[in-house]
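Undergrad: Provided herewith is a single structure, encoded as structure tokens, for subsequent inquiry.
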Amino acid sequence: MRYKSLKTRLIVILLLVGIIPVFVTGTYNYLTASNNYQNIQNEAQDQIEHAVAEHLNKVSTDLKYIAEMYAEDTRVQQLLTETNRGSLEIEGNALFESLQKEHQMSIFEIGDAQGNVHLRGHNVSKYGDSKADILAIQQALKGQEISGFEYGASGLSVRAFVPIKQNNQVIGTLQLGLGNEFLTDFQALFPKTEIDLVDESGEVVRSTHTERVGEQITNDHIAKVMAGEQTQFTDSKKRQIESYLPIQDPTGTKVVSALVLAQDITTTQTTIRHMGITSAIALLITIFAAIVVALFYSRTLTVPIIKTTQMMHALSSGDLASRIADHNRRDEIGKLMTDMKKMQEHLHKTIAEIAQASTTVTTKSTMLAQSTEEVSKGSEAIAETMEYLSQGVEKQTSEVADISRIMVEFSRKLEESTAQGNHLNATSENVLVLSENGAKLMNTSNEQMGEIHQVMKESVEKMVMLDQHAGQISSFVSIIEEVANQTNLLALNASIEAARAGEHGKGFAVVAEEVRKLAEQVAHSVTEITSIVSTIQHDSKEVSTILERGYGQVVTGSEQLEITANTFNEIQDAVSQMAEFIAMMIQNLQEMSHEGHEINDSMQEITALTEETAASVEETTATIIQTSATMGEVATATEQLSDLSDQLNCVVKDYKI
């Protein structure tokens with residue numbers, strides 16, 4: 001598109017210069033901030049997924065540990081060998097109540113070596129049914145301890161299956177389970193996250209929002225999570241990020257249900273939208289300001305240009321009477337107007353001087369004729385001067401020969417300097433190669449130090465975890481010690497009751513005595529374990545302190561190595577610049593050597609020219625004699641000059657001054 005005036009072009013240019021940077025910057029900031037917010041949302045969702053998985057794994061692992069501990073309890077082994085159903089139900093119910101009180105267990109089941117149910121603590125009247133076809137029971141009978149999740153009529157539960165051993169032989173199985181009460185912990189851990197428990201059909205069976213219970217979820221993610229695949233996607237309509245986590249059975253071969261974790265991103269999306277609106281408002285304000293500034297500056301630029309154009313039009317018509325007004329501008333336009341004003345004044349002065357000179361030429365032409373006669377006399381004097389000039393030229397020829405010899409010696413020294421420069425250039429290239437190799441080695445060392453840094457960091461983290469596990473062992477030892485004390489107290493009570501029973505209680509007194517000894521051995525073992533755990537904790541703390549100090553030294557070494565690598569890079573850059581400078585110096589020396597040869601050749605030419613000048617001086621003397629004869633012709637030309645001055649006066653009259 002073509003614009004008709006300079007003002008329009010200036011307005012368009014100023015608008016583009018003002019709007020384009022603001023538009024590009026605003027768009028870039030908006031896109032960058034939007035991506036950053038989305039990354040933060042995804043990282044938060046990943047952390048929630050990891051925390052939920054860790055919590056589920058911890059619940060399963062803790063339950064398996066409790067099951068293993070009770071599988072080694074003599075009470076459980078006695079229940080498995082008890083044949084009296086009355087005593088079995090009473091003792092089993094008491095043990096189940098203890099499990100409910102201490103560990104909130106909802107399932108307590110003992111099976112025999114054939115996989116038949118021997119006792120259900122949660123339903124003592126139901127027993128004898130076979131569970132030999134259940135894979136978890138089969139693995140427990142093979143000596144494996146497993147735990148996981150099951151989904152039944154009562155909802156989601158955690159189950160642990162462990163073998164009951166006697167003399168290293170599996171004599172039955174123990175099954176412990178927790179109800180879905182553990183899901184309530186999620187609400188306390190993630191108060192801002194919506195959590196739904198979904199069964200195999202995709203129906204929401206439990207949710208942080210009770211109105212969602214019974215809702216059917218039908219999408220591709222449900223099918224994927226039921227196939228064992230963990231998925232995550234962003235729902236723009238609901239403004240939330242949803243994660244689908246599979247929950248597997250104890251054998252790890254089947255997905256029994258899924259957890260749907262939904263993070264509300266309304267605040268983030270609103271912030272991003274507000275940023276877009278703010279960027280648009282800023283762009284509109286910039287456009288308005290750019291228009292105002294463009295109109296103002298286009299006027300300040302075009303008005304003086306128009307006035308200057310009008311003045312140039314007047315000058316082109318020969319009008320030198322008008323003048324350009326004074327101004328205070330200091331930019332390029334002001335300089336143009338100042339130069340135009342000076343040109344106008346100079347032209348006015350020149351025309352005036354030409355008019356005056358044309359009058360003077362007429363007067364002086366007469367005087368020129370008289371001067372011609374005097375010039376003839378002066379030519380004779382010039383002839384004498386030329387003779388003296390001839391003698392000076394001969395002396396100059398001798399001095400030029402001396403300078404020529406000096407230039408030959410100068411050229412030889414330049415060639416020697418060039419050779420030395422070439423040797424220095426080769427040396428600098430070797431230094432550059434060595435510095436580049438050193439820089440590469442330093443970069444390699446820096447990368448290796450980074451790997452050492454990561455290894456030390458992981459070691460420190462592992463020692464912290466070891467210290468935490470040692471603390472957990474101490475808590476478990478305290479529980480065992482408490483159980484030993486209670487067992488000792490029970491043995492004492494049993495001894496008292498046996499003494500009261502007399503002859504009938506002797507057998508029971510022997511058993512009580514054995515239980516008391518066993519409790520004392522357990523207490524003694526607990527003391528030794530406590531001492532060992534304390535030693536482990538003390539040693540782990542010392543190792544952790546040493547690793548942390550070593551980690552600090554590695555961090556300091558990494559920083560120093562990075563500074564050294566940067567120094568090598570600076571040395572490499574400096575050597576590269578020195579090599580470039582040496583190459584330029586050699587090139588200059590070669591050029592100087594070449595120019596020296598040229599100067600030497602020129603001096604020889606000057607010598608020849610000087611000799612020719614001497615001959616020319618003699619010829620000039622003869623020419624001056626001829627000049628005297630020519631002066632007559634000058635007189636004739638003077639008359640013609642007078643006629644030309646009259647014509648010049650006619651031309652000057654066309655200008656107005």
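Residue numbering restarts at 1 in every chain; chains get A, B, ... in the order shown in the structure tokens, and ligands count up from 1 in that same order.
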List the neighbours of Leu489 in chain A out to 12 Å using only C-alpha atoms; skip same-chain residues closer than 5 positions along the sequence, and give me the result as JSON, numbers by chain.
TA: {"A": [482, 483, 484, 494, 495, 496, 512, 513, 515, 516, 517, 519, 520]}
Undergrad: Among range 184-307 of chain A, which residues does DSSP mark as alpha helix (DSSP H) when it is run on the backbone? Keep the chain and numbering as in the structure and answer as a PyMOL selection string.
TA: chain A and resi 184-189+220-226+266-307
Undergrad: Residues at most 7 Å from range 23-31 of chain A, counting only C-alpha atoms, excluding those fewer than 3 positions away in the same chain, as a ChimeraX atom specification?
TA: /A:19-20,34-35,275-276,279,283
Undergrad: Report as JSON, numbers by chain all protein, DNA and RNA residues lying within 12 Å of Ile222 in chain A, evaluated on only C-alpha atoms, omitting residues in the same chain fewer than 3 positions from it.
TA: {"A": [197, 198, 199, 200, 201, 202, 203, 204, 216, 217, 218, 219, 225, 226, 227, 228, 229, 230, 231, 232, 242, 243, 244, 245, 246, 255, 257, 258, 259, 260]}
Undergrad: Name the residues in contact with range 47-49 of chain A at a cut-off of 8 Å, using only C-alpha atoms, excluding same-chain residues fewer than 2 positions from it; report them as a VMD selection string.
TA: chain A and resid 43 to 45 51 to 53 190 243 245 261
Undergrad: Take the residues that were just selected and, keeping C-alpha atoms, output them as an mmCIF file, in the first residue's frame.
TA:
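The resulting file, part_14.cif, is reproduced below:
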```
data_model
loop_
_atom_site.group_PDB
_atom_site.id
_atom_site.type_symbol
_atom_site.label_atom_id
_atom_site.label_comp_id
_atom_site.auth_asym_id
_atom_site.auth_seq_id
_atom_site.Cartn_x
_atom_site.Cartn_y
_atom_site.Cartn_z
ATOM 1 C CA GLU A 43 3.440 -31.108 39.800
ATOM 2 C CA ALA A 44 0.915 -30.669 42.631
ATOM 3 C CA GLN A 45 -1.234 -33.458 41.157
ATOM 4 C CA ALA A 51 1.293 -39.319 48.623
ATOM 5 C CA VAL A 52 -1.885 -41.378 48.117
ATOM 6 C CA ALA A 53 0.106 -44.325 46.742
ATOM 7 C CA PHE A 190 -5.734 -33.716 51.222
ATOM 8 C CA SER A 243 -6.002 -38.840 38.366
ATOM 9 C CA LEU A 245 -5.124 -44.842 40.543
ATOM 10 C CA LEU A 261 -8.314 -37.795 42.711
#
```
Undergrad: Just the number, please: distance in Å from CA of Thr234 in chain A to CA of Glu215 in chain A, one decimal.
TA: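 Between CA of Thr234 in chain A and CA of Glu215 in chain A the gap works out to 19.9 Å.
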Undergrad: Report, in Å to a single decimal, how far apart CA of Arg212 in chain A and CA of Glu194 in chain A are.
TA: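 Computing the Euclidean distance for CA of Glu194 in chain A and CA of Arg212 in chain A yields 10.5 Å.
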Undergrad: What is the distance, in Å and to one decimal place, between CA of His122 in chain A and CA of Leu63 in chain A?
TA: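 Straight-line distance from CA of His122 in chain A to CA of Leu63 in chain A works out to 16.9 Å.
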Undergrad: Step one, run DSSP on the backbone; step two, keep only residues of range 174-203 of chain A assigned to strand (DSSP E or B); then write them as a compact mmCIF listing (two decimals) with C-alpha atoms, in the first residue's frame.
TA:
```txt
# COMPACT_ATOMS: atom_id res chain seq x y z
CA LEU A 174 -3.86 -66.15 59.40
CA GLN A 175 -5.95 -63.47 57.68
CA LEU A 176 -6.33 -59.95 59.13
CA GLY A 177 -8.26 -57.10 57.54
CA LEU A 178 -9.15 -53.45 57.97
CA THR A 193 -8.73 -32.70 46.83
CA GLU A 194 -11.91 -34.51 45.79
CA ILE A 195 -11.47 -38.29 46.29
CA ASP A 196 -13.87 -40.88 44.83
CA LEU A 197 -13.73 -44.65 45.35
CA VAL A 198 -14.97 -46.43 42.21
CA GLU A 203 -19.85 -46.63 40.07
```
Undergrad: Quick one: of A:Val22, A:Leu15, A:Ala262, A:Val205, who's nearest to Asn42 in chain A, counting only C-alpha atoms?
TA: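 With only C-alpha atoms as the atom set, the closest residue is A:Ala262.
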Undergrad: So that I can check the surroundings of range 267-274 of chain A, please list as number ranges by chain every protein, DNA and RNA residue that reaches within 12 Å of it, counting only C-alpha atoms and ignoring chain neighbours fewer than 4 positions away.
TA: A: 29-42, 234-241, 263, 278-281
